[in-house]
file work36.csv (CSV, C-alpha atoms and all ligand atoms)
chain,number,residue,atom,x,y,z
A,8,MET,CA,-2.4,-5.9,27.7
A,9,ILE,CA,-0.9,-2.9,29.5
A,10,SER,CA,-0.6,-3.4,33.2
A,11,GLY,CA,1.3,-1.7,36.0
A,12,GLU,CA,0.6,1.2,38.2
A,13,TRP,CA,-0.2,3.7,35.5
A,14,THR,CA,-3.8,4.5,35.2
A,15,VAL,CA,-5.3,7.4,33.3
A,16,ALA,CA,-7.1,9.5,35.8
A,17,ARG,CA,-8.9,11.8,33.5
A,18,MET,CA,-8.9,10.5,29.9
A,19,SER,CA,-9.9,13.7,28.3
A,20,ASP,CA,-8.3,16.3,30.5
A,21,TRP,CA,-5.5,17.9,28.5
A,22,VAL,CA,-2.8,20.4,29.3
A,23,VAL,CA,-1.3,22.1,26.3
A,24,VAL,CA,2.4,23.1,26.4
A,25,GLY,CA,3.7,25.0,23.4
A,26,VAL,CA,7.4,24.7,22.5
A,27,PRO,CA,8.2,27.4,19.9
A,28,THR,CA,11.5,26.0,18.8
A,29,SER,CA,13.4,25.4,15.5
A,30,ALA,CA,16.7,25.1,17.3
A,31,GLY,CA,17.2,21.5,16.0
A,32,ALA,CA,15.9,22.2,12.5
A,33,HIS,CA,17.4,23.0,9.1
A,34,HIS,CA,16.0,26.6,9.2
A,35,ALA,CA,13.6,28.8,11.0
A,36,GLY,CA,9.8,28.5,10.8
A,37,GLN,CA,8.7,25.8,13.2
A,38,GLU,CA,9.0,28.2,16.2
A,39,CYS,CA,5.9,29.8,14.8
A,40,ALA,CA,3.8,26.6,15.0
A,41,PRO,CA,2.3,26.8,18.6
A,42,ALA,CA,1.0,30.3,18.0
A,43,ALA,CA,-0.2,29.5,14.5
A,44,LEU,CA,-2.0,26.4,15.7
A,45,ARG,CA,-3.7,28.3,18.4
A,46,LYS,CA,-4.7,30.9,15.9
A,47,ALA,CA,-6.0,28.2,13.6
A,48,GLY,CA,-8.3,27.1,16.4
A,49,LEU,CA,-6.6,24.0,17.8
A,50,ILE,CA,-7.8,24.5,21.4
A,51,LYS,CA,-11.3,25.4,20.3
A,52,ALA,CA,-11.4,22.3,18.0
A,53,LEU,CA,-10.4,20.0,20.8
A,54,ARG,CA,-13.0,21.5,23.1
A,55,ALA,CA,-15.6,21.1,20.4
A,56,ALA,CA,-14.6,17.5,20.1
A,57,GLY,CA,-15.5,17.0,23.8
A,58,GLU,CA,-12.1,17.3,25.3
A,59,SER,CA,-11.2,19.4,28.4
A,60,VAL,CA,-8.2,21.6,27.7
A,61,THR,CA,-6.1,23.8,29.9
A,62,ASP,CA,-3.7,25.9,27.9
A,63,ALA,CA,-0.4,26.4,29.9
A,64,GLY,CA,1.0,28.7,27.2
A,65,ASP,CA,4.5,28.4,25.7
A,66,LEU,CA,7.9,27.6,27.0
A,67,PRO,CA,10.7,30.1,25.9
A,68,GLY,CA,11.7,28.0,23.0
A,69,ALA,CA,14.5,28.9,20.6
A,70,VAL,CA,14.8,30.0,17.0
A,71,PHE,CA,17.2,28.3,14.5
A,72,ALA,CA,20.6,29.9,14.3
A,73,VAL,CA,23.4,29.3,11.9
A,74,ASP,CA,26.1,27.3,13.6
A,75,HIS,CA,29.4,27.2,11.8
A,76,GLU,CA,31.2,25.7,14.8
A,77,ALA,CA,29.5,22.6,16.0
A,78,THR,CA,29.1,21.0,12.6
A,79,GLY,CA,28.4,17.6,14.0
A,80,ALA,CA,25.6,18.7,16.3
A,81,ARG,CA,24.4,22.2,15.3
A,82,ASN,CA,22.8,24.4,17.9
A,83,LEU,CA,23.3,21.7,20.5
A,84,GLY,CA,23.2,24.1,23.4
A,85,ALA,CA,19.9,25.6,22.5
A,86,VAL,CA,18.4,22.1,21.6
A,87,ALA,CA,19.5,20.7,24.9
A,88,ARG,CA,18.3,23.7,26.9
A,89,VAL,CA,14.8,23.5,25.3
A,90,ALA,CA,14.6,19.7,25.7
A,91,GLY,CA,15.5,20.2,29.4
A,92,GLU,CA,12.7,22.8,29.8
A,93,VAL,CA,10.3,20.5,28.1
A,94,ALA,CA,11.3,17.7,30.5
A,95,ASP,CA,10.7,20.0,33.5
A,96,ALA,CA,7.3,21.2,32.2
A,97,VAL,CA,6.1,17.7,31.4
A,98,ALA,CA,7.2,16.3,34.7
A,99,ALA,CA,5.3,19.2,36.5
A,100,LYS,CA,2.2,18.8,34.4
A,101,LEU,CA,2.0,15.1,35.0
A,102,GLN,CA,1.5,15.8,38.7
A,103,THR,CA,-1.7,17.6,37.8
A,104,GLY,CA,-3.1,14.3,36.4
A,105,ARG,CA,-3.7,15.8,32.9
A,106,LEU,CA,-2.6,14.5,29.5
A,107,PRO,CA,0.2,16.6,28.1
A,108,LEU,CA,-0.3,17.8,24.6
A,109,VAL,CA,3.1,19.2,23.6
A,110,ILE,CA,3.1,21.3,20.5
A,111,GLY,CA,6.4,21.9,18.8
A,112,GLY,CA,8.6,22.8,17.4
A,113,ASP,CA,11.1,20.4,15.9
A,114,CYS,CA,11.3,16.7,16.7
A,115,THR,CA,14.0,17.1,19.4
A,116,ILE,CA,11.3,18.2,21.8
A,117,THR,CA,10.2,14.5,22.1
A,118,LEU,CA,13.5,13.8,23.9
A,119,GLY,CA,12.4,16.2,26.6
A,120,VAL,CA,8.9,14.8,26.8
A,121,ILE,CA,10.2,11.3,27.4
A,122,ALA,CA,12.8,12.6,29.9
A,123,GLY,CA,9.9,14.3,31.8
A,124,PHE,CA,7.8,11.2,31.8
A,125,ARG,CA,10.7,9.1,33.0
A,126,ARG,CA,10.9,11.2,36.3
A,127,HIS,CA,7.5,9.7,37.3
A,128,HIS,CA,7.4,6.6,35.0
A,129,PRO,CA,10.7,5.0,34.1
A,130,ASP,CA,8.7,2.4,32.1
A,131,VAL,CA,7.1,4.9,29.7
A,132,GLY,CA,6.7,3.7,26.1
A,133,LEU,CA,6.6,5.7,22.9
A,134,VAL,CA,5.0,5.2,19.5
A,135,TYR,CA,6.9,7.4,17.1
A,136,VAL,CA,4.7,8.2,14.1
A,137,ASP,CA,7.1,9.9,11.7
A,138,GLY,CA,8.1,10.1,8.1
A,139,ASP,CA,11.7,9.4,9.1
A,140,ALA,CA,13.4,6.9,11.3
A,141,ASP,CA,15.5,9.7,12.8
A,142,LEU,CA,18.6,7.5,13.2
A,143,GLY,CA,21.1,10.2,12.4
A,144,GLY,CA,24.1,9.6,14.6
A,145,ALA,CA,23.3,5.9,15.4
A,146,LEU,CA,25.1,4.7,12.2
A,147,GLY,CA,27.7,7.3,11.9
A,148,SER,CA,27.0,10.9,11.0
A,149,ASP,CA,25.0,11.8,7.9
A,150,GLY,CA,27.2,14.9,7.8
A,151,SER,CA,24.4,17.5,8.2
A,152,GLY,CA,24.7,18.0,12.0
A,153,ILE,CA,21.0,18.7,12.1
A,154,LEU,CA,19.8,17.3,15.4
A,155,ASP,CA,16.1,17.2,14.2
A,156,SER,CA,16.9,13.9,12.4
A,157,THR,CA,18.6,12.2,15.4
A,158,GLY,CA,15.7,11.8,17.8
A,159,VAL,CA,15.4,8.0,17.7
A,160,ALA,CA,19.2,7.6,17.8
A,161,HIS,CA,19.3,9.7,21.0
A,162,LEU,CA,16.3,7.9,22.6
A,163,LEU,CA,18.3,4.7,22.2
A,164,GLY,CA,21.5,6.2,23.7
A,165,HIS,CA,23.4,7.1,20.5
A,166,GLY,CA,24.5,10.6,20.1
A,167,THR,CA,25.5,13.6,22.2
A,168,PRO,CA,25.9,13.1,26.0
A,169,GLU,CA,23.8,16.3,26.5
A,170,LEU,CA,20.7,14.8,24.9
A,171,CYS,CA,21.3,11.1,25.7
A,172,GLY,CA,21.6,12.1,29.3
A,173,LEU,CA,18.4,14.1,29.7
A,174,ALA,CA,17.1,11.6,32.1
A,175,GLY,CA,20.3,10.6,33.7
A,176,PRO,CA,22.5,7.6,32.9
A,177,GLY,CA,21.3,4.9,30.5
A,178,PRO,CA,19.2,5.2,27.4
A,179,LEU,CA,16.0,7.3,27.5
A,180,LEU,CA,14.2,4.2,26.2
A,181,GLU,CA,14.9,0.6,26.0
A,182,PRO,CA,14.3,-0.7,22.4
A,183,GLY,CA,11.3,-2.7,23.5
A,184,ARG,CA,9.6,0.5,24.7
A,185,LEU,CA,9.8,2.2,21.3
A,186,ALA,CA,7.8,1.5,18.1
A,187,LEU,CA,8.2,3.5,14.8
A,188,VAL,CA,5.3,3.9,12.4
A,189,GLY,CA,5.1,5.6,9.0
A,190,GLY,CA,8.7,5.9,7.9
A,191,ASP,CA,9.1,7.0,4.2
A,192,PRO,CA,11.0,4.0,2.7
A,193,ARG,CA,13.0,6.5,0.6
A,194,GLU,CA,14.4,8.0,3.8
A,195,THR,CA,15.7,4.9,5.5
A,196,ASP,CA,18.4,2.6,4.0
A,197,ASP,CA,18.9,-1.0,4.6
A,198,ALA,CA,21.6,-0.3,7.2
A,199,GLY,CA,19.0,1.6,9.2
A,200,ARG,CA,16.4,-1.2,8.9
A,201,ARG,CA,19.0,-3.7,10.0
A,202,PHE,CA,20.0,-1.5,12.9
A,203,LEU,CA,16.4,-1.3,14.1
A,204,ALA,CA,15.8,-5.0,13.6
A,205,GLU,CA,18.9,-6.0,15.4
A,206,THR,CA,18.3,-3.5,18.2
A,207,GLY,CA,14.8,-4.8,18.7
A,208,VAL,CA,12.8,-1.7,17.7
A,209,SER,CA,9.5,-2.2,15.9
A,210,PHE,CA,9.6,-0.4,12.6
A,211,GLN,CA,6.6,-0.2,10.3
A,212,GLU,CA,7.2,1.9,7.2
A,213,GLY,CA,4.7,4.0,5.2
A,214,PRO,CA,3.4,1.2,3.0
A,215,ALA,CA,2.4,-0.8,6.1
A,216,LEU,CA,0.6,2.2,7.5
A,217,MET,CA,-1.2,2.9,4.2
A,218,ALA,CA,-2.2,-0.8,3.8
A,219,ASP,CA,-3.9,-0.9,7.3
A,220,PRO,CA,-3.7,2.2,9.4
A,221,ALA,CA,-5.5,0.7,12.4
A,222,GLY,CA,-3.6,-2.6,12.1
A,223,ALA,CA,-0.3,-0.7,12.1
A,224,ALA,CA,-1.3,1.1,15.3
A,225,ALA,CA,-2.3,-2.2,16.9
A,226,ARG,CA,1.0,-3.8,16.0
A,227,ALA,CA,2.9,-0.9,17.4
A,228,LEU,CA,1.0,-1.2,20.6
A,229,ALA,CA,1.6,-4.9,20.8
A,230,ALA,CA,5.3,-4.3,20.2
A,231,ILE,CA,5.7,-2.0,23.2
A,232,ALA,CA,3.3,-4.0,25.4
A,233,PRO,CA,6.2,-5.0,27.7
A,234,ALA,CA,6.5,-1.3,28.6
A,235,SER,CA,4.1,-1.4,31.4
A,236,GLY,CA,3.9,2.3,31.9
A,237,PRO,CA,2.2,5.2,30.1
A,238,LEU,CA,2.2,5.5,26.4
A,239,VAL,CA,3.3,8.6,24.7
A,240,VAL,CA,2.6,9.2,21.0
A,241,HIS,CA,4.8,11.4,18.8
A,242,PHE,CA,3.3,12.7,15.5
A,243,ASP,CA,5.5,14.4,13.0
A,244,VAL,CA,3.4,15.9,10.2
A,245,ASP,CA,5.9,14.7,7.7
A,246,THR,CA,4.4,11.2,8.0
A,247,VAL,CA,1.8,12.6,5.6
A,248,ASP,CA,2.6,12.9,1.9
A,249,SER,CA,3.4,16.6,1.3
A,250,GLY,CA,1.3,16.3,-1.8
A,251,ASP,CA,-1.7,15.8,0.5
A,252,LEU,CA,-0.7,18.2,3.3
A,253,PRO,CA,2.3,20.5,2.6
A,254,LEU,CA,3.0,21.6,6.1
A,255,ALA,CA,6.1,19.7,7.1
A,256,ASN,CA,9.3,21.5,7.7
A,257,PHE,CA,11.1,19.0,5.5
A,258,PRO,CA,8.8,17.8,2.7
A,259,HIS,CA,8.0,14.2,1.8
A,260,TYR,CA,6.3,14.6,-1.6
A,261,GLY,CA,5.1,11.3,-3.1
A,262,SER,CA,5.2,9.1,0.0
A,263,GLY,CA,1.6,8.2,-0.6
A,264,VAL,CA,0.5,8.4,3.1
A,265,ARG,CA,-2.8,10.3,3.4
A,266,LEU,CA,-3.8,12.5,6.3
A,267,SER,CA,-6.9,10.5,6.8
A,268,GLN,CA,-4.9,7.3,7.2
A,269,VAL,CA,-2.7,8.9,9.9
A,270,VAL,CA,-5.8,10.0,11.7
A,271,THR,CA,-7.1,6.4,11.8
A,272,CYS,CA,-3.8,5.3,13.1
A,273,LEU,CA,-3.7,8.0,15.8
A,274,GLN,CA,-7.3,7.2,16.9
A,275,VAL,CA,-6.3,3.6,17.7
A,276,LEU,CA,-3.2,4.8,19.6
A,277,ARG,CA,-5.2,7.4,21.5
A,278,ALA,CA,-7.8,4.7,22.5
A,279,ALA,CA,-5.1,2.5,24.1
A,280,PRO,CA,-5.7,2.3,27.9
A,281,ALA,CA,-2.2,3.4,28.6
A,282,PHE,CA,-2.4,6.5,26.3
A,283,ALA,CA,-0.9,9.4,28.3
A,284,GLY,CA,0.2,12.2,26.0
A,285,LEU,CA,0.8,13.5,22.5
A,286,VAL,CA,3.6,15.4,20.9
A,287,LEU,CA,3.0,17.3,17.7
A,288,THR,CA,6.1,18.2,15.6
A,289,GLU,CA,7.4,19.7,12.4
A,290,VAL,CA,4.6,22.0,11.4
A,291,ASN,CA,6.1,24.9,9.6
A,292,PRO,CA,3.4,27.6,9.2
A,293,THR,CA,5.5,29.6,6.8
A,294,HIS,CA,4.6,26.9,4.2
A,295,ASP,CA,0.9,27.8,4.5
A,296,PRO,CA,0.4,31.5,4.3
A,297,GLY,CA,-3.3,31.2,3.6
A,298,GLY,CA,-3.9,28.9,6.6
A,299,GLU,CA,-6.0,26.3,4.7
A,300,GLN,CA,-3.6,23.5,5.5
A,301,LEU,CA,-3.3,24.5,9.1
A,302,ALA,CA,-7.1,24.3,9.3
A,303,ARG,CA,-7.1,20.8,7.9
A,304,TYR,CA,-4.3,19.7,10.3
A,305,VAL,CA,-6.2,21.1,13.3
A,306,ALA,CA,-9.4,19.2,12.3
A,307,ALA,CA,-7.3,16.1,11.9
A,308,ILE,CA,-5.8,16.4,15.3
A,309,ALA,CA,-9.2,17.0,16.9
A,310,ALA,CA,-10.6,13.9,15.1
A,311,ALA,CA,-7.6,11.9,16.2
A,312,VAL,CA,-7.7,12.7,19.9
A,313,ALA,CA,-11.4,13.0,20.6
A,314,ALA,CA,-11.8,10.4,23.3
A,315,PRO,CA,-13.2,7.1,22.2
A,316,GLY,CA,-17.0,7.2,22.1
A,317,ARG,CA,-17.1,11.0,21.8
A,318,PRO,CA,-18.1,12.8,18.6
A,319,ALA,CA,-15.1,14.1,16.6
A,401,MN,MN,10.2,13.4,10.4
call {"tool": "encode", "arguments": {"input": "work36.csv", "output": "structure tokens"}}
result
Amino acid sequence: MISGEWTVARMSDWVVVGVPTSAGAHHAGQECAPAALRKAGLIKALRAAGESVTDAGDLPGAVFAVDHEATGARNLGAVARVAGEVADAVAAKLQTGRLPLVIGGDCTITLGVIAGFRRHHPDVGLVYVDGDADLGGALGSDGSGILDSTGVAHLLGHGTPELCGLAGPGPLLEPGRLALVGGDPRETDDAGRRFLAETGVSFQEGPALMADPAGAAARALAAIAPASGPLVVHFDVDTVDSGDLPLANFPHYGSGVRLSQVVTCLQVLRAAPAFAGLVLTEVNPTHDPGGEQLARYVAAIAAAVAAPGRPA
């Protein structure tokens, strides 16, 4: 059971913050996602689902740039600047009592979201629904220098001081405040699994999510129950098999995870009493020139976040 001082004042009162950034990614495209999702009707769909939504517009963001210099942490300056702006925005929006819906942008924005929450709630917990474990840097470099795949490592205090230190000294999250759901087993090796197990981070991979989407969500919630504060949910669209929904910046064809299964998982997370915000990452609209997949994604998000008991 979640306890502590955190209570959700207005369960269905959202504030949208767009973060048009691909600074941490492999190439450009994700910086177009906030505008593309608005155009695809995200705000309207949330309101139609019974949610109250204030659109706070976009932060400045940053577009991917080739970085031949910092080959171990490419575009670190822009990534850290954007994450810091996200932290400031989230911290400010929390004072309004609304639920932040942060629309990326690449996965490094979640570092900023957690840093922002921590200014009010050092005991924040995170369920990280992602097709990757994002451990780059925790177990030695993968050689790419792409910060997009280092989020979990940075949350746990492994990586660049600029990102690890977004909320001051100490790791952004204690391992017991973090649960990973939906990792593609082809993208994590045994060293990564061992690291997470030894560190004490709950890690349920794609097959566990597919077998029982609601159960996987419930287990993730149970794993972070000692985090007494608010619960943030991160959803990287690459959790979904690109054969079902080819929107992810970096594709995961053949993982087998269906969009509908992820929606079921997210619905359970959203219904948790401590639920306090959602981060959407890795949508690359350039992969969907006709807009059909963006429309499916928008409908899925609306179904996932419609408050318990409301029509989706
Ligand atoms: Mn991912």
call {"tool": "residues_near_ligand", "arguments": {"input": "work36.csv", "ligand": "ligand MN 401 (chain A)", "cutoff": "12 Å", "atoms": "all atoms listed in the file", "output": "count of residues only"}}
result
47
call {"tool": "closest_residue", "arguments": {"input": "work36.csv", "among": "A:Cys171, A:Ile50, A:Cys39, A:Ala229", "to": "Gly91 (chain A)", "atoms": "all atoms listed in the file"}}
result
A:Cys171
call {"tool": "residues_near_point", "arguments": {"input": "work36.csv", "point": "(2.7, 24.6, 23.8)", "cutoff": "10 Å", "atoms": "all atoms listed in the file", "output": "PDB file with C-alpha atoms, in the coordinates of the input"}}
result
ATOM      1  CA  VAL A  22      -2.800  20.400  29.300  1.00  0.00           C
ATOM      2  CA  VAL A  23      -1.300  22.100  26.300  1.00  0.00           C
ATOM      3  CA  VAL A  24       2.400  23.100  26.400  1.00  0.00           C
ATOM      4  CA  GLY A  25       3.700  25.000  23.400  1.00  0.00           C
ATOM      5  CA  VAL A  26       7.400  24.700  22.500  1.00  0.00           C
ATOM      6  CA  PRO A  27       8.200  27.400  19.900  1.00  0.00           C
ATOM      7  CA  ALA A  40       3.800  26.600  15.000  1.00  0.00           C
ATOM      8  CA  PRO A  41       2.300  26.800  18.600  1.00  0.00           C
ATOM      9  CA  ALA A  42       1.000  30.300  18.000  1.00  0.00           C
ATOM     10  CA  LEU A  44      -2.000  26.400  15.700  1.00  0.00           C
ATOM     11  CA  ARG A  45      -3.700  28.300  18.400  1.00  0.00           C
ATOM     12  CA  ASP A  62      -3.700  25.900  27.900  1.00  0.00           C
ATOM     13  CA  ALA A  63      -0.400  26.400  29.900  1.00  0.00           C
ATOM     14  CA  GLY A  64       1.000  28.700  27.200  1.00  0.00           C
ATOM     15  CA  ASP A  65       4.500  28.400  25.700  1.00  0.00           C
ATOM     16  CA  LEU A  66       7.900  27.600  27.000  1.00  0.00           C
ATOM     17  CA  PRO A  67      10.700  30.100  25.900  1.00  0.00           C
ATOM     18  CA  GLY A  68      11.700  28.000  23.000  1.00  0.00           C
ATOM     19  CA  VAL A  93      10.300  20.500  28.100  1.00  0.00           C
ATOM     20  CA  PRO A 107       0.200  16.600  28.100  1.00  0.00           C
ATOM     21  CA  LEU A 108      -0.300  17.800  24.600  1.00  0.00           C
ATOM     22  CA  VAL A 109       3.100  19.200  23.600  1.00  0.00           C
ATOM     23  CA  ILE A 110       3.100  21.300  20.500  1.00  0.00           C
ATOM     24  CA  GLY A 111       6.400  21.900  18.800  1.00  0.00           C
ATOM     25  CA  GLY A 112       8.600  22.800  17.400  1.00  0.00           C
ATOM     26  CA  VAL A 286       3.600  15.400  20.900  1.00  0.00           C
ATOM     27  CA  LEU A 287       3.000  17.300  17.700  1.00  0.00           C
TER      28      LEU A 287
END
call {"tool": "closest_residue", "arguments": {"input": "work36.csv", "among": "A:Thr206, A:Pro296, A:Ser19, A:Ala215", "to": "Pro192 (chain A)", "atoms": "only C-alpha atoms"}}
result
A:Ala215
call {"tool": "atom_distance", "arguments": {"input": "work36.csv", "atom1": "CA of Ile308 (chain A)", "atom2": "CA of Ala43 (chain A)"}}
result
14.3 Å
call {"tool": "residues_around", "arguments": {"input": "work36.csv", "residues": "Pro178 (chain A)", "least_positions_apart": "4", "cutoff": "9 Å", "atoms": "all atoms listed in the file", "output": "PyMOL selection string"}}
result
chain A and resi 161-165+171-172+174
call {"tool": "write_last_selection", "arguments": {"input": "work36.csv", "atoms": "C-alpha atoms", "output": "tab-separated table (two decimals), keeping the file's coordinate frame"}}
result
chain	number	residue	atom	x	y	z
A	161	HIS	CA	19.30	9.70	21.00
A	162	LEU	CA	16.30	7.90	22.60
A	163	LEU	CA	18.30	4.70	22.20
A	164	GLY	CA	21.50	6.20	23.70
A	165	HIS	CA	23.40	7.10	20.50
A	171	CYS	CA	21.30	11.10	25.70
A	172	GLY	CA	21.60	12.10	29.30
A	174	ALA	CA	17.10	11.60	32.10
call {"tool": "closest_residue", "arguments": {"input": "work36.csv", "among": "A:Leu146, A:Ala232, A:Ala279, A:Thr103", "to": "Asp197 (chain A)", "atoms": "only C-alpha atoms"}}
result
A:Leu146
call {"tool": "closest_residue", "arguments": {"input": "work36.csv", "among": "A:Arg105, A:Arg200, A:Arg88, A:Arg184", "to": "Thr61 (chain A)", "atoms": "all atoms listed in the file"}}
result
A:Arg105
call {"tool": "residues_around", "arguments": {"input": "work36.csv", "residues": "Asp74 (chain A)", "least_positions_apart": "3", "cutoff": "12 Å", "atoms": "all atoms listed in the file", "output": "list in words"}}
result
Ala30, Gly31, Ala32, His33, His34, Phe71, Ala77, Thr78, Gly79, Ala80, Arg81, Asn82, Leu83, Gly84, Ala85, Ser151, Gly152, Ile153 and Leu154 of chain A
call {"tool": "residues_near_point", "arguments": {"input": "work36.csv", "point": "(0.0, 23.7, 5.8)", "cutoff": "8 Å", "atoms": "only C-alpha atoms", "output": "compact mmCIF listing (two decimals) with C-alpha atoms, in the frame of the given file"}}
result
# COMPACT_ATOMS: atom_id res chain seq x y z
CA LEU A 252 -0.70 18.20 3.30
CA PRO A 253 2.30 20.50 2.60
CA LEU A 254 3.00 21.60 6.10
CA ALA A 255 6.10 19.70 7.10
CA VAL A 290 4.60 22.00 11.40
CA ASN A 291 6.10 24.90 9.60
CA PRO A 292 3.40 27.60 9.20
CA HIS A 294 4.60 26.90 4.20
CA ASP A 295 0.90 27.80 4.50
CA PRO A 296 0.40 31.50 4.30
CA GLY A 298 -3.90 28.90 6.60
CA GLU A 299 -6.00 26.30 4.70
CA GLN A 300 -3.60 23.50 5.50
CA LEU A 301 -3.30 24.50 9.10
CA ALA A 302 -7.10 24.30 9.30
CA ARG A 303 -7.10 20.80 7.90
CA TYR A 304 -4.30 19.70 10.30
call {"tool": "atom_distance", "arguments": {"input": "work36.csv", "atom1": "CA of Ala204 (chain A)", "atom2": "CA of Ala223 (chain A)"}}
result
16.7 Å
call {"tool": "closest_residue", "arguments": {"input": "work36.csv", "among": "A:Ala221, A:Pro168, A:Gln37, A:Gly48", "to": "Ile116 (chain A)", "atoms": "all atoms listed in the file"}}
result
A:Gln37
call {"tool": "atom_distance", "arguments": {"input": "work36.csv", "atom1": "CA of Val97 (chain A)", "atom2": "CA of Leu133 (chain A)"}}
result
14.7 Å
call {"tool": "residues_around", "arguments": {"input": "work36.csv", "residues": "Pro233 (chain A)", "least_positions_apart": "4", "cutoff": "12 Å", "atoms": "only C-alpha atoms", "output": "JSON, numbers by chain"}}
result
{"A": [8, 9, 10, 11, 130, 131, 132, 133, 181, 182, 183, 184, 185, 186, 227, 228, 229, 237, 238, 281]}
call {"tool": "write_last_selection", "arguments": {"input": "work36.csv", "atoms": "C-alpha atoms", "output": "mmCIF file, in the frame of the given file"}}
result
data_model
loop_
_atom_site.group_PDB
_atom_site.id
_atom_site.type_symbol
_atom_site.label_atom_id
_atom_site.label_comp_id
_atom_site.auth_asym_id
_atom_site.auth_seq_id
_atom_site.Cartn_x
_atom_site.Cartn_y
_atom_site.Cartn_z
ATOM 1 C CA MET A 8 -2.400 -5.900 27.700
ATOM 2 C CA ILE A 9 -0.900 -2.900 29.500
ATOM 3 C CA SER A 10 -0.600 -3.400 33.200
ATOM 4 C CA GLY A 11 1.300 -1.700 36.000
ATOM 5 C CA ASP A 130 8.700 2.400 32.100
ATOM 6 C CA VAL A 131 7.100 4.900 29.700
ATOM 7 C CA GLY A 132 6.700 3.700 26.100
ATOM 8 C CA LEU A 133 6.600 5.700 22.900
ATOM 9 C CA GLU A 181 14.900 0.600 26.000
ATOM 10 C CA PRO A 182 14.300 -0.700 22.400
ATOM 11 C CA GLY A 183 11.300 -2.700 23.500
ATOM 12 C CA ARG A 184 9.600 0.500 24.700
ATOM 13 C CA LEU A 185 9.800 2.200 21.300
ATOM 14 C CA ALA A 186 7.800 1.500 18.100
ATOM 15 C CA ALA A 227 2.900 -0.900 17.400
ATOM 16 C CA LEU A 228 1.000 -1.200 20.600
ATOM 17 C CA ALA A 229 1.600 -4.900 20.800
ATOM 18 C CA PRO A 237 2.200 5.200 30.100
ATOM 19 C CA LEU A 238 2.200 5.500 26.400
ATOM 20 C CA ALA A 281 -2.200 3.400 28.600
#
call {"tool": "closest_residue", "arguments": {"input": "work36.csv", "among": "A:Gly104, A:Thr293, A:Glu58, A:Glu169", "to": "Ala90 (chain A)", "atoms": "all atoms listed in the file"}}
result
A:Glu169
call {"tool": "decode", "arguments": {"input": "work36.csv", "residues": "region 164-200 of chain A", "atoms": "C-alpha atoms", "output": "PDB file, in the first residue's frame"}}
result
ATOM      1  CA  GLY A 164      23.880   7.245 -10.412  1.00  0.00           C
ATOM      2  CA  HIS A 165      26.023   5.718 -13.180  1.00  0.00           C
ATOM      3  CA  GLY A 166      27.092   8.049 -15.952  1.00  0.00           C
ATOM      4  CA  THR A 167      27.879  11.686 -16.514  1.00  0.00           C
ATOM      5  CA  PRO A 168      27.984  14.018 -13.487  1.00  0.00           C
ATOM      6  CA  GLU A 169      25.873  16.509 -15.462  1.00  0.00           C
ATOM      7  CA  LEU A 170      22.899  14.120 -15.669  1.00  0.00           C
ATOM      8  CA  CYS A 171      23.438  12.110 -12.480  1.00  0.00           C
ATOM      9  CA  GLY A 172      23.546  15.377 -10.546  1.00  0.00           C
ATOM     10  CA  LEU A 173      20.296  16.892 -11.848  1.00  0.00           C
ATOM     11  CA  ALA A 174      18.797  16.706  -8.358  1.00  0.00           C
ATOM     12  CA  GLY A 175      21.969  17.311  -6.388  1.00  0.00           C
ATOM     13  CA  PRO A 176      24.255  14.749  -4.785  1.00  0.00           C
ATOM     14  CA  GLY A 177      23.257  11.104  -4.622  1.00  0.00           C
ATOM     15  CA  PRO A 178      21.398   9.020  -7.173  1.00  0.00           C
ATOM     16  CA  LEU A 179      18.177  10.366  -8.681  1.00  0.00           C
ATOM     17  CA  LEU A 180      16.447   7.167  -7.539  1.00  0.00           C
ATOM     18  CA  GLU A 181      17.224   4.472  -5.032  1.00  0.00           C
ATOM     19  CA  PRO A 182      16.961   1.059  -6.726  1.00  0.00           C
ATOM     20  CA  GLY A 183      13.874   0.207  -4.681  1.00  0.00           C
ATOM     21  CA  ARG A 184      12.053   3.194  -6.164  1.00  0.00           C
ATOM     22  CA  LEU A 185      12.430   1.975  -9.732  1.00  0.00           C
ATOM     23  CA  ALA A 186      10.718  -0.865 -11.610  1.00  0.00           C
ATOM     24  CA  LEU A 187      11.319  -1.729 -15.275  1.00  0.00           C
ATOM     25  CA  VAL A 188       8.613  -3.327 -17.398  1.00  0.00           C
ATOM     26  CA  GLY A 189       8.632  -4.526 -20.992  1.00  0.00           C
ATOM     27  CA  GLY A 190      12.288  -4.817 -21.930  1.00  0.00           C
ATOM     28  CA  ASP A 191      12.896  -6.631 -25.201  1.00  0.00           C
ATOM     29  CA  PRO A 192      14.964  -9.699 -24.171  1.00  0.00           C
ATOM     30  CA  ARG A 193      17.071  -9.283 -27.314  1.00  0.00           C
ATOM     31  CA  GLU A 194      18.236  -5.869 -26.094  1.00  0.00           C
ATOM     32  CA  THR A 195      19.452  -6.800 -22.600  1.00  0.00           C
ATOM     33  CA  ASP A 196      22.245  -9.265 -21.931  1.00  0.00           C
ATOM     34  CA  ASP A 197      22.812 -11.422 -18.883  1.00  0.00           C
ATOM     35  CA  ALA A 198      25.272  -8.903 -17.475  1.00  0.00           C
ATOM     36  CA  GLY A 199      22.474  -6.320 -17.537  1.00  0.00           C
ATOM     37  CA  ARG A 200      20.009  -8.701 -15.894  1.00  0.00           C
TER      38      ARG A 200
END
